[in-house]
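What follows is data_26.pdb (PDB, C-alpha atoms and all ligand atoms).
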```pdb
ATOM      1  CA  MET A   1     -35.513  24.214  61.339
ATOM      2  CA  SER A   2     -39.205  23.641  61.813
ATOM      3  CA  PHE A   3     -41.820  25.606  59.977
ATOM      4  CA  TYR A   4     -42.883  27.282  63.178
ATOM      5  CA  SER A   5     -39.441  28.306  64.426
ATOM      6  CA  ARG A   6     -38.638  29.621  60.986
ATOM      7  CA  ASP A   7     -41.764  31.739  61.195
ATOM      8  CA  ARG A   8     -40.648  33.239  64.435
ATOM      9  CA  LEU A   9     -37.234  33.978  63.031
ATOM     10  CA  LEU A  10     -38.390  35.616  59.846
ATOM     11  CA  GLY A  11     -41.458  37.319  61.207
ATOM     12  CA  SER A  12     -44.809  37.815  59.670
ATOM     13  CA  PHE A  13     -43.707  39.949  56.739
ATOM     14  CA  ALA A  14     -41.370  37.282  55.488
ATOM     15  CA  LEU A  15     -44.187  34.828  56.006
ATOM     16  CA  ALA A  16     -46.342  36.938  53.767
ATOM     17  CA  LEU A  17     -43.643  36.786  51.155
ATOM     18  CA  ARG A  18     -43.200  33.036  51.334
ATOM     19  CA  LEU A  19     -46.900  32.556  50.735
ATOM     20  CA  CYS A  20     -46.747  34.867  47.775
ATOM     21  CA  VAL A  21     -43.960  32.768  46.361
ATOM     22  CA  ALA A  22     -46.544  30.031  46.335
ATOM     23  CA  VAL A  23     -48.384  32.064  43.743
ATOM     24  CA  VAL A  24     -45.439  31.729  41.447
ATOM     25  CA  ALA A  25     -45.721  27.998  41.866
ATOM     26  CA  GLY A  26     -49.333  28.252  40.862
ATOM     27  CA  THR A  27     -51.009  27.805  44.219
ATOM     28  CA  ALA A  28     -52.734  30.331  46.403
ATOM     29  CA  CYS A  29     -51.647  33.632  47.746
ATOM     30  CA  GLY A  30     -53.829  34.644  50.644
ATOM     31  CA  ASP A  31     -55.659  37.807  51.520
ATOM     32  CA  ASP A  32     -53.611  40.838  50.597
ATOM     33  CA  ALA A  33     -50.741  38.561  49.636
ATOM     34  CA  ALA A  34     -50.624  36.683  52.889
ATOM     35  CA  VAL A  35     -52.377  34.268  55.111
ATOM     36  CA  PRO A  36     -50.830  32.969  58.305
ATOM     37  CA  GLY A  37     -49.213  29.598  58.662
ATOM     38  CA  PRO A  38     -50.918  26.316  59.388
ATOM     39  CA  ASP A  39     -51.481  26.558  63.119
ATOM     40  CA  ALA A  40     -54.828  26.007  64.827
ATOM     41  CA  GLY A  41     -58.088  27.311  63.565
ATOM     42  CA  THR A  42     -59.145  25.078  60.755
ATOM     43  CA  ALA A  43     -61.352  22.958  62.993
ATOM     44  CA  ASP A  44     -64.304  25.239  62.410
ATOM     45  CA  ALA A  45     -63.839  25.234  58.659
ATOM     46  CA  PRO A  46     -66.962  23.852  57.021
ATOM     47  CA  ALA A  47     -66.920  20.901  54.692
ATOM     48  CA  VAL A  48     -66.677  22.286  51.195
ATOM     49  CA  THR A  49     -67.872  20.939  47.900
ATOM     50  CA  CYS A  50     -66.768  22.875  44.843
ATOM     51  CA  ALA A  51     -68.249  22.816  41.372
ATOM     52  CA  THR A  52     -66.978  20.354  38.808
ATOM     53  CA  GLY A  53     -63.560  21.446  37.628
ATOM     54  CA  ASP A  54     -62.955  23.654  40.659
ATOM     55  CA  THR A  55     -60.833  22.657  43.643
ATOM     56  CA  VAL A  56     -61.097  23.179  47.391
ATOM     57  CA  TYR A  57     -59.217  26.019  49.081
ATOM     58  CA  THR A  58     -58.171  24.955  52.573
ATOM     59  CA  PRO A  59     -57.866  27.916  54.936
ATOM     60  CA  SER A  60     -54.861  27.958  57.211
ATOM     61  CA  GLY A  61     -54.155  29.896  60.346
ATOM     62  CA  THR A  62     -56.360  31.154  63.116
ATOM     63  CA  HIS A  63     -59.891  32.046  62.125
ATOM     64  CA  TRP A  64     -60.760  35.762  61.969
ATOM     65  CA  ASP A  65     -63.692  37.746  60.671
ATOM     66  CA  TYR A  66     -64.840  41.260  59.793
ATOM     67  CA  MET A  67     -67.274  41.400  62.711
ATOM     68  CA  HIS A  68     -64.492  41.887  65.272
ATOM     69  CA  PRO A  69     -61.449  43.472  63.585
ATOM     70  CA  ASP A  70     -60.389  45.015  66.898
ATOM     71  CA  GLU A  71     -59.744  41.475  68.184
ATOM     72  CA  TRP A  72     -57.465  40.260  65.389
ATOM     73  CA  ALA A  73     -54.226  40.984  67.271
ATOM     74  CA  MET A  74     -55.407  38.909  70.233
ATOM     75  CA  LYS A  75     -56.351  35.865  68.206
ATOM     76  CA  SER A  76     -52.820  34.689  67.511
ATOM     77  CA  PRO A  77     -49.248  35.794  68.296
ATOM     78  CA  LYS A  78     -48.791  35.812  64.527
ATOM     79  CA  TYR A  79     -51.430  38.547  64.278
ATOM     80  CA  ALA A  80     -49.763  40.858  66.819
ATOM     81  CA  MET A  81     -48.876  43.340  64.082
ATOM     82  CA  CYS A  82     -52.588  44.109  63.675
ATOM     83  CA  ASN A  83     -52.054  46.454  66.632
ATOM     84  CA  GLY A  84     -49.053  48.054  64.897
ATOM     85  CA  MET A  85     -48.470  51.762  64.411
ATOM     86  CA  THR A  86     -48.388  51.857  60.592
ATOM     87  CA  GLN A  87     -51.543  50.005  59.676
ATOM     88  CA  THR A  88     -53.795  50.175  56.608
ATOM     89  CA  PRO A  89     -56.368  51.416  55.672
ATOM     90  CA  VAL A  90     -56.278  55.112  56.505
ATOM     91  CA  ASP A  91     -58.396  58.150  55.782
ATOM     92  CA  ILE A  92     -56.890  60.371  53.092
ATOM     93  CA  THR A  93     -57.373  63.998  54.067
ATOM     94  CA  THR A  94     -56.763  65.851  50.843
ATOM     95  CA  ALA A  95     -56.203  69.238  52.504
ATOM     96  CA  THR A  96     -53.002  68.006  54.152
ATOM     97  CA  THR A  97     -51.369  66.042  51.327
ATOM     98  CA  THR A  98     -47.911  66.965  50.100
ATOM     99  CA  THR A  99     -46.849  66.967  46.438
ATOM    100  CA  GLU A 100     -45.277  63.939  44.788
ATOM    101  CA  THR A 101     -43.569  64.166  41.400
ATOM    102  CA  MET A 102     -42.818  60.527  40.550
ATOM    103  CA  PRO A 103     -45.569  58.705  38.586
ATOM    104  CA  LEU A 104     -46.552  55.056  38.611
ATOM    105  CA  THR A 105     -45.467  53.440  35.340
ATOM    106  CA  PHE A 106     -47.655  50.475  34.347
ATOM    107  CA  ASN A 107     -45.802  47.777  32.369
ATOM    108  CA  ASN A 108     -47.601  44.984  30.447
ATOM    109  CA  TYR A 109     -50.815  45.808  32.240
ATOM    110  CA  SER A 110     -53.074  44.196  29.628
ATOM    111  CA  THR A 111     -54.679  40.846  30.464
ATOM    112  CA  VAL A 112     -54.030  38.008  32.920
ATOM    113  CA  PRO A 113     -55.410  34.446  32.880
ATOM    114  CA  LEU A 114     -58.508  33.844  34.988
ATOM    115  CA  ARG A 115     -57.278  32.118  38.155
ATOM    116  CA  LEU A 116     -59.724  32.805  40.960
ATOM    117  CA  VAL A 117     -59.851  31.907  44.602
ATOM    118  CA  ASN A 118     -62.680  32.641  46.997
ATOM    119  CA  ASN A 119     -60.838  32.383  50.308
ATOM    120  CA  GLY A 120     -63.839  33.110  52.467
ATOM    121  CA  HIS A 121     -62.773  36.730  52.962
ATOM    122  CA  THR A 122     -62.557  38.025  49.416
ATOM    123  CA  LEU A 123     -62.712  37.076  45.757
ATOM    124  CA  GLN A 124     -59.184  37.167  44.416
ATOM    125  CA  VAL A 125     -57.436  36.782  41.058
ATOM    126  CA  ASN A 126     -54.069  35.078  41.452
ATOM    127  CA  VAL A 127     -51.401  36.046  38.937
ATOM    128  CA  THR A 128     -48.584  33.668  38.034
ATOM    129  CA  SER A 129     -45.554  35.907  37.649
ATOM    130  CA  ALA A 130     -42.034  35.021  36.569
ATOM    131  CA  PHE A 131     -40.929  38.479  37.765
ATOM    132  CA  GLY A 132     -39.606  39.152  34.267
ATOM    133  CA  SER A 133     -39.859  41.838  31.641
ATOM    134  CA  SER A 134     -42.977  40.333  30.062
ATOM    135  CA  ASP A 135     -44.979  40.191  33.309
ATOM    136  CA  ALA A 136     -47.452  42.804  34.500
ATOM    137  CA  SER A 137     -45.633  45.222  36.771
ATOM    138  CA  ILE A 138     -45.477  48.763  38.087
ATOM    139  CA  THR A 139     -42.342  50.874  38.310
ATOM    140  CA  HIS A 140     -42.127  53.615  40.927
ATOM    141  CA  ASN A 141     -39.068  55.604  41.921
ATOM    142  CA  GLY A 142     -36.770  53.269  39.993
ATOM    143  CA  THR A 143     -38.068  50.028  41.497
ATOM    144  CA  THR A 144     -40.250  47.537  39.609
ATOM    145  CA  TYR A 145     -42.927  45.593  41.461
ATOM    146  CA  TYR A 146     -44.682  42.628  39.789
ATOM    147  CA  LEU A 147     -48.388  41.920  40.011
ATOM    148  CA  VAL A 148     -49.034  38.772  42.078
ATOM    149  CA  GLN A 149     -52.749  39.037  42.869
ATOM    150  CA  PHE A 150     -55.691  41.394  43.090
ATOM    151  CA  HIS A 151     -58.857  41.193  45.135
ATOM    152  CA  LEU A 152     -62.050  43.024  46.004
ATOM    153  CA  HIS A 153     -63.457  44.875  49.001
ATOM    154  CA  THR A 154     -66.916  46.276  49.632
ATOM    155  CA  VAL A 155     -67.256  48.908  50.887
ATOM    156  CA  SER A 156     -63.899  50.596  50.307
ATOM    157  CA  GLU A 157     -61.228  50.238  52.976
ATOM    158  CA  HIS A 158     -59.577  53.621  52.448
ATOM    159  CA  THR A 159     -61.720  56.697  52.793
ATOM    160  CA  ILE A 160     -61.128  60.106  51.210
ATOM    161  CA  ASN A 161     -62.022  63.047  53.434
ATOM    162  CA  GLY A 162     -64.032  60.637  55.540
ATOM    163  CA  ALA A 163     -66.091  59.293  52.646
ATOM    164  CA  SER A 164     -66.061  55.652  51.632
ATOM    165  CA  PHE A 165     -66.772  54.232  48.175
ATOM    166  CA  PRO A 166     -68.961  51.241  47.313
ATOM    167  CA  MET A 167     -66.008  49.106  46.233
ATOM    168  CA  GLU A 168     -62.185  49.087  46.315
ATOM    169  CA  LEU A 169     -59.861  46.780  44.412
ATOM    170  CA  HIS A 170     -56.300  46.063  45.640
ATOM    171  CA  PHE A 171     -53.592  45.208  43.125
ATOM    172  CA  VAL A 172     -50.749  43.565  45.082
ATOM    173  CA  HIS A 173     -47.190  43.642  43.677
ATOM    174  CA  ALA A 174     -43.858  42.238  44.876
ATOM    175  CA  THR A 175     -40.316  43.025  43.781
ATOM    176  CA  ASP A 176     -39.285  39.374  43.593
ATOM    177  CA  ALA A 177     -39.850  35.938  45.087
ATOM    178  CA  THR A 178     -37.324  36.146  47.900
ATOM    179  CA  PRO A 179     -37.897  36.607  51.647
ATOM    180  CA  THR A 180     -36.656  40.196  51.362
ATOM    181  CA  ALA A 181     -39.115  41.220  48.647
ATOM    182  CA  ARG A 182     -40.791  44.610  48.957
ATOM    183  CA  TYR A 183     -44.490  45.133  48.321
ATOM    184  CA  LEU A 184     -46.472  47.819  46.538
ATOM    185  CA  VAL A 185     -50.269  47.873  46.543
ATOM    186  CA  VAL A 186     -52.475  50.027  44.337
ATOM    187  CA  GLY A 187     -56.034  50.636  45.475
ATOM    188  CA  VAL A 188     -58.677  51.550  42.920
ATOM    189  CA  MET A 189     -61.935  53.042  44.162
ATOM    190  CA  TYR A 190     -65.254  52.514  42.382
ATOM    191  CA  ASN A 191     -68.326  54.672  42.172
ATOM    192  CA  VAL A 192     -71.662  53.412  40.952
ATOM    193  CA  GLY A 193     -72.330  53.949  37.255
ATOM    194  CA  ALA A 194     -72.115  51.795  34.155
ATOM    195  CA  GLU A 195     -71.495  48.072  34.463
ATOM    196  CA  ASN A 196     -67.808  47.195  34.296
ATOM    197  CA  PRO A 197     -67.393  44.212  31.919
ATOM    198  CA  SER A 198     -64.041  43.119  33.312
ATOM    199  CA  MET A 199     -65.424  43.197  36.849
ATOM    200  CA  GLN A 200     -68.423  41.208  35.672
ATOM    201  CA  ASN A 201     -66.144  38.549  34.248
ATOM    202  CA  ILE A 202     -64.599  38.138  37.706
ATOM    203  CA  LEU A 203     -67.869  38.214  39.641
ATOM    204  CA  THR A 204     -69.625  35.792  37.296
ATOM    205  CA  GLN A 205     -66.819  33.274  37.665
ATOM    206  CA  ASN A 206     -66.893  33.341  41.484
ATOM    207  CA  PRO A 207     -66.227  29.697  42.420
ATOM    208  CA  GLY A 208     -68.049  29.965  45.755
ATOM    209  CA  ASP A 209     -66.791  29.915  49.319
ATOM    210  CA  LEU A 210     -63.393  28.254  49.781
ATOM    211  CA  CYS A 211     -62.940  27.166  46.171
ATOM    212  CA  TYR A 212     -60.470  27.775  43.381
ATOM    213  CA  ARG A 213     -61.490  28.233  39.777
ATOM    214  CA  GLN A 214     -58.749  28.196  37.174
ATOM    215  CA  ARG A 215     -59.760  29.000  33.613
ATOM    216  CA  PRO A 216     -56.446  30.148  32.131
ATOM    217  CA  ALA A 217     -57.898  30.034  28.638
ATOM    218  CA  SER A 218     -60.089  32.953  29.727
ATOM    219  CA  SER A 219     -58.544  36.265  30.563
ATOM    220  CA  VAL A 220     -59.232  39.291  32.710
ATOM    221  CA  ALA A 221     -58.644  42.680  31.102
ATOM    222  CA  LEU A 222     -56.781  44.840  33.605
ATOM    223  CA  ASP A 223     -57.161  48.177  31.849
ATOM    224  CA  SER A 224     -60.922  48.386  32.241
ATOM    225  CA  LEU A 225     -60.567  47.884  35.982
ATOM    226  CA  PHE A 226     -58.680  51.200  36.155
ATOM    227  CA  PRO A 227     -59.781  54.789  35.624
ATOM    228  CA  THR A 228     -58.192  56.598  32.710
ATOM    229  CA  ASN A 229     -56.625  59.143  35.027
ATOM    230  CA  ARG A 230     -53.751  57.645  37.025
ATOM    231  CA  SER A 231     -53.293  60.427  39.589
ATOM    232  CA  PHE A 232     -52.804  58.958  43.047
ATOM    233  CA  TYR A 233     -52.314  59.355  46.765
ATOM    234  CA  HIS A 234     -49.258  57.654  48.262
ATOM    235  CA  TYR A 235     -48.152  56.738  51.761
ATOM    236  CA  SER A 236     -45.550  54.403  53.200
ATOM    237  CA  PRO A 237     -45.307  52.344  55.242
ATOM    238  CA  GLY A 238     -48.698  50.734  55.349
ATOM    239  CA  SER A 239     -49.788  47.167  56.019
ATOM    240  CA  LEU A 240     -51.784  44.209  54.842
ATOM    241  CA  THR A 241     -55.399  44.927  55.741
ATOM    242  CA  THR A 242     -55.996  41.329  56.835
ATOM    243  CA  PRO A 243     -54.171  39.195  59.419
ATOM    244  CA  PRO A 244     -51.228  38.967  59.887
ATOM    245  CA  CYS A 245     -51.364  42.735  59.091
ATOM    246  CA  SER A 246     -47.673  42.732  58.106
ATOM    247  CA  GLU A 247     -46.223  46.234  57.806
ATOM    248  CA  GLY A 248     -43.697  47.834  55.449
ATOM    249  CA  LEU A 249     -45.929  48.006  52.376
ATOM    250  CA  ASN A 250     -45.806  50.877  49.878
ATOM    251  CA  TRP A 251     -49.426  52.037  49.421
ATOM    252  CA  PHE A 252     -51.047  53.954  46.561
ATOM    253  CA  VAL A 253     -54.710  54.852  46.101
ATOM    254  CA  LEU A 254     -55.799  56.270  42.761
ATOM    255  CA  SER A 255     -57.584  59.557  43.307
ATOM    256  CA  THR A 256     -60.063  59.078  40.437
ATOM    257  CA  PRO A 257     -62.666  56.338  40.957
ATOM    258  CA  ALA A 258     -63.538  53.864  38.223
ATOM    259  CA  LEU A 259     -67.125  52.679  37.728
ATOM    260  CA  VAL A 260     -69.111  49.549  38.521
ATOM    261  CA  SER A 261     -72.868  49.091  38.453
ATOM    262  CA  ALA A 262     -75.061  49.006  41.551
ATOM    263  CA  ALA A 263     -75.872  45.396  40.692
ATOM    264  CA  GLN A 264     -72.161  44.551  40.718
ATOM    265  CA  VAL A 265     -71.741  46.053  44.180
ATOM    266  CA  THR A 266     -74.706  44.009  45.364
ATOM    267  CA  GLN A 267     -73.243  40.903  43.755
ATOM    268  CA  LEU A 268     -69.911  41.357  45.535
ATOM    269  CA  ALA A 269     -71.675  41.973  48.845
ATOM    270  CA  GLY A 270     -73.408  38.647  48.358
ATOM    271  CA  ILE A 271     -70.129  36.902  47.584
ATOM    272  CA  VAL A 272     -68.443  38.222  50.754
ATOM    273  CA  HIS A 273     -71.615  37.827  52.841
ATOM    274  CA  GLY A 274     -72.003  41.498  53.699
ATOM    275  CA  HIS A 275     -68.886  43.590  53.795
ATOM    276  CA  ASN A 276     -65.148  42.902  53.909
ATOM    277  CA  ASN A 277     -63.589  46.234  54.770
ATOM    278  CA  ARG A 278     -61.306  46.760  57.740
ATOM    279  CA  PRO A 279     -61.935  50.023  59.658
ATOM    280  CA  ILE A 280     -59.517  52.893  59.104
ATOM    281  CA  HIS A 281     -56.430  53.309  61.290
ATOM    282  CA  PRO A 282     -54.579  56.420  62.469
ATOM    283  CA  LEU A 283     -51.750  57.807  60.361
ATOM    284  CA  ASN A 284     -49.522  58.117  63.449
ATOM    285  CA  GLY A 285     -47.350  60.740  61.790
ATOM    286  CA  ARG A 286     -47.328  59.290  58.298
ATOM    287  CA  VAL A 287     -47.663  61.841  55.504
ATOM    288  CA  ILE A 288     -49.801  61.249  52.408
ATOM    289  CA  SER A 289     -48.520  62.714  49.156
ATOM    290  CA  ARG A 290     -50.425  63.384  45.956
ATOM    291  CA  TYR A 291     -49.276  62.898  42.397
ATOM    292  CA  THR A 292     -51.312  64.652  39.713
ATOM    293  CA  ALA A 293     -51.115  63.047  36.278
ATOM    294  CA  PRO A 294     -50.441  65.475  33.416
TER     295      PRO A 294
HETATM  296 ZN    ZN B 301     -57.178  44.268  50.207
END
```
Written as structure tokens, how would this file's structure read?
Amino acid sequence: MSFYSRDRLLGSFALALRLCVAVVAGTACGDDAAVPGPDAGTADAPAVTCATGDTVYTPSGTHWDYMHPDEWAMKSPKYAMCNGMTQTPVDITTATTTTETMPLTFNNYSTVPLRLVNNGHTLQVNVTSAFGSSDASITHNGTTYYLVQFHLHTVSEHTINGASFPMELHFVHATDATPTARYLVVGVMYNVGAENPSMQNILTQNPGDLCYRQRPASSVALDSLFPTNRSFYHYSPGSLTTPPCSEGLNWFVLSTPALVSAAQVTQLAGIVHGHNNRPIHPLNGRVISRYTAP
């Protein structure tokens, strides 16, 4: 079975999974855990030279950008889901949230080796997971999801009561490395305040457009990227916020922002050449619940 016919059979969500499996093998996982398959669209990719020790990231799939997010679904049949009914991000209207009683339990959320990719859309830390008890993971409602990558957006993609934040970080988790894996994403919002040292470690090591930088001897501290309070908003299903916009994801947004400095926001905006947030999408009947940490 060819790569392409297999894509059609499995659909874009399974495609997202297969690319995340590549993370386990130590290669790239695309934007929000997925990039489309190697069809057209690389012809306009610029020639890339990466710094000594870094390697070139070759984009695959049809080109898309943040200037015309309303056109993503028309760019490729593989992006059709971008016009789906359960898309992310959404506005969180706090007055209409319901109550959730099950917390997020963070397991082994300490440090991960520095493995960066600048894929031209975001700066991302890839995490090599064995999907085992010693790997960073989150348990919710009896299911454990393992951290496979996290990446940055400016400004935030989600909004709360119509207000955006200067930055949002997405921690992407998968249950396993099979085509039927389920995904859980945790969004952390940032307000401007003190410089965040862990964020600075990531920003400083930016390898530049379309390059990988792997410095596994260095590490990224996960804890300082989070607020102390782990209360959250939750909705499901949601989607990848980049093409192919695969749906079925379990989405959480922490209700307490963490802090980054104004200079760090400016630095990220420079890295992504402006902004890399997708506009909000309608809930279409989805309900957002709220868990309040004790
Ligand atoms: Zn994202």
Write out as a VMD selection string the residues lying within 6 Å of Met167 in chain A, counting all atoms listed in the file and excluding same-chain residues fewer than 6 positions away. chain A and resid 153 to 156 190
I need the output of the PyMOL selection byres (((not hetatm)) within 12 of (chain B and resi 301)) for this file as an MDAnalysis selection string; which residues are they?
chainID A and resid 30:34 88:89 121:125 149:158 167:173 184:189 238:243 245 251 253 276:278
| request: Kindly resolve the PyMOL selection byres (((chain A and resi 48-60) around 6) and not hetatm) on the present coordinates and return the residues as number ranges by chain. | output: A: 38, 47, 61, 210-213
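Here CA of Asn126 in chain A and CA of Ala258 in chain A stand 21.3 Å from one another.
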Evaluate the PyMOL selection byres (((chain A and resi 193) around 7) and not hetatm) and report residues as number ranges by chain
A: 191-192, 194-195, 259-261
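Distance check against Asn118 in chain A using all atoms listed in the file: of A:Ala263, A:Met74, A:Ile202, A:Val220, the minimum falls on A:Ile202.
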From the list A:Ser76, A:Thr139, A:Thr93, A:Ser255, the nearest residue to Ile288 in chain A using only C-alpha atoms is A:Thr93
Q | Residue contacts of Lys75 in chain A (9 Å, all atoms listed in the file) excluding same-chain residues fewer than 5 positions away, as number ranges by chain | A | A: 62-64, 80
What residues have an atom no more than 10 Å from (-38.0, 41.1, 43.9) in the file's own frame, counting all atoms listed in the file, and can you write them as a PDB file with C-alpha atoms, in the frame of the given file?
```
ATOM      1  CA  PHE A 131     -40.929  38.479  37.765  1.00  0.00           C
ATOM      2  CA  GLY A 132     -39.606  39.152  34.267  1.00  0.00           C
ATOM      3  CA  THR A 143     -38.068  50.028  41.497  1.00  0.00           C
ATOM      4  CA  THR A 144     -40.250  47.537  39.609  1.00  0.00           C
ATOM      5  CA  TYR A 145     -42.927  45.593  41.461  1.00  0.00           C
ATOM      6  CA  TYR A 146     -44.682  42.628  39.789  1.00  0.00           C
ATOM      7  CA  HIS A 173     -47.190  43.642  43.677  1.00  0.00           C
ATOM      8  CA  ALA A 174     -43.858  42.238  44.876  1.00  0.00           C
ATOM      9  CA  THR A 175     -40.316  43.025  43.781  1.00  0.00           C
ATOM     10  CA  ASP A 176     -39.285  39.374  43.593  1.00  0.00           C
ATOM     11  CA  ALA A 177     -39.850  35.938  45.087  1.00  0.00           C
ATOM     12  CA  THR A 178     -37.324  36.146  47.900  1.00  0.00           C
ATOM     13  CA  PRO A 179     -37.897  36.607  51.647  1.00  0.00           C
ATOM     14  CA  THR A 180     -36.656  40.196  51.362  1.00  0.00           C
ATOM     15  CA  ALA A 181     -39.115  41.220  48.647  1.00  0.00           C
ATOM     16  CA  ARG A 182     -40.791  44.610  48.957  1.00  0.00           C
ATOM     17  CA  TYR A 183     -44.490  45.133  48.321  1.00  0.00           C
TER      18      TYR A 183
END
```
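When CA of Met102 in chain A is paired with CA of Phe232 in chain A, their separation reads 10.4 Å.
Atom pair CA of Gln267 in chain A / CA of Leu254 in chain A has a distance of 23.3 Å (rounded to one decimal).
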Rank nothing, just name the residue among A:Glu247, A:Glu100, A:Asp209, A:Asp135 nearest to His234 in chain A, using only C-alpha atoms.
->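 Among the listed residues, A:Glu100 lies closest to His234 in chain A.
Checking A:Pro197, A:Pro166, A:Pro103, A:Pro237 one by one against Val287 in chain A, counting all atoms listed in the file, you find the shortest gap at A:Pro237.
Nearest to Gly142 in chain A of all the residues A:Gln87, A:Thr105, A:Asn119, A:Ser224 is A:Thr105, based on only C-alpha atoms.
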Which protein, DNA or RNA residues have an atom at most 10 Å from (-52.1, 58.3, 64.2), counting all atoms listed in the file? List them as a list in words.
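Collected hits near the coordinates: Met85, Thr86, Gln87, Val90, His281, Pro282, Leu283, Asn284, Gly285 and Arg286 of chain A.
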Using all atoms listed in the file, the best pick from A:Gln264, A:Thr98, A:Ser129, A:Ser137 as closest to Ser198 in chain A would be A:Gln264
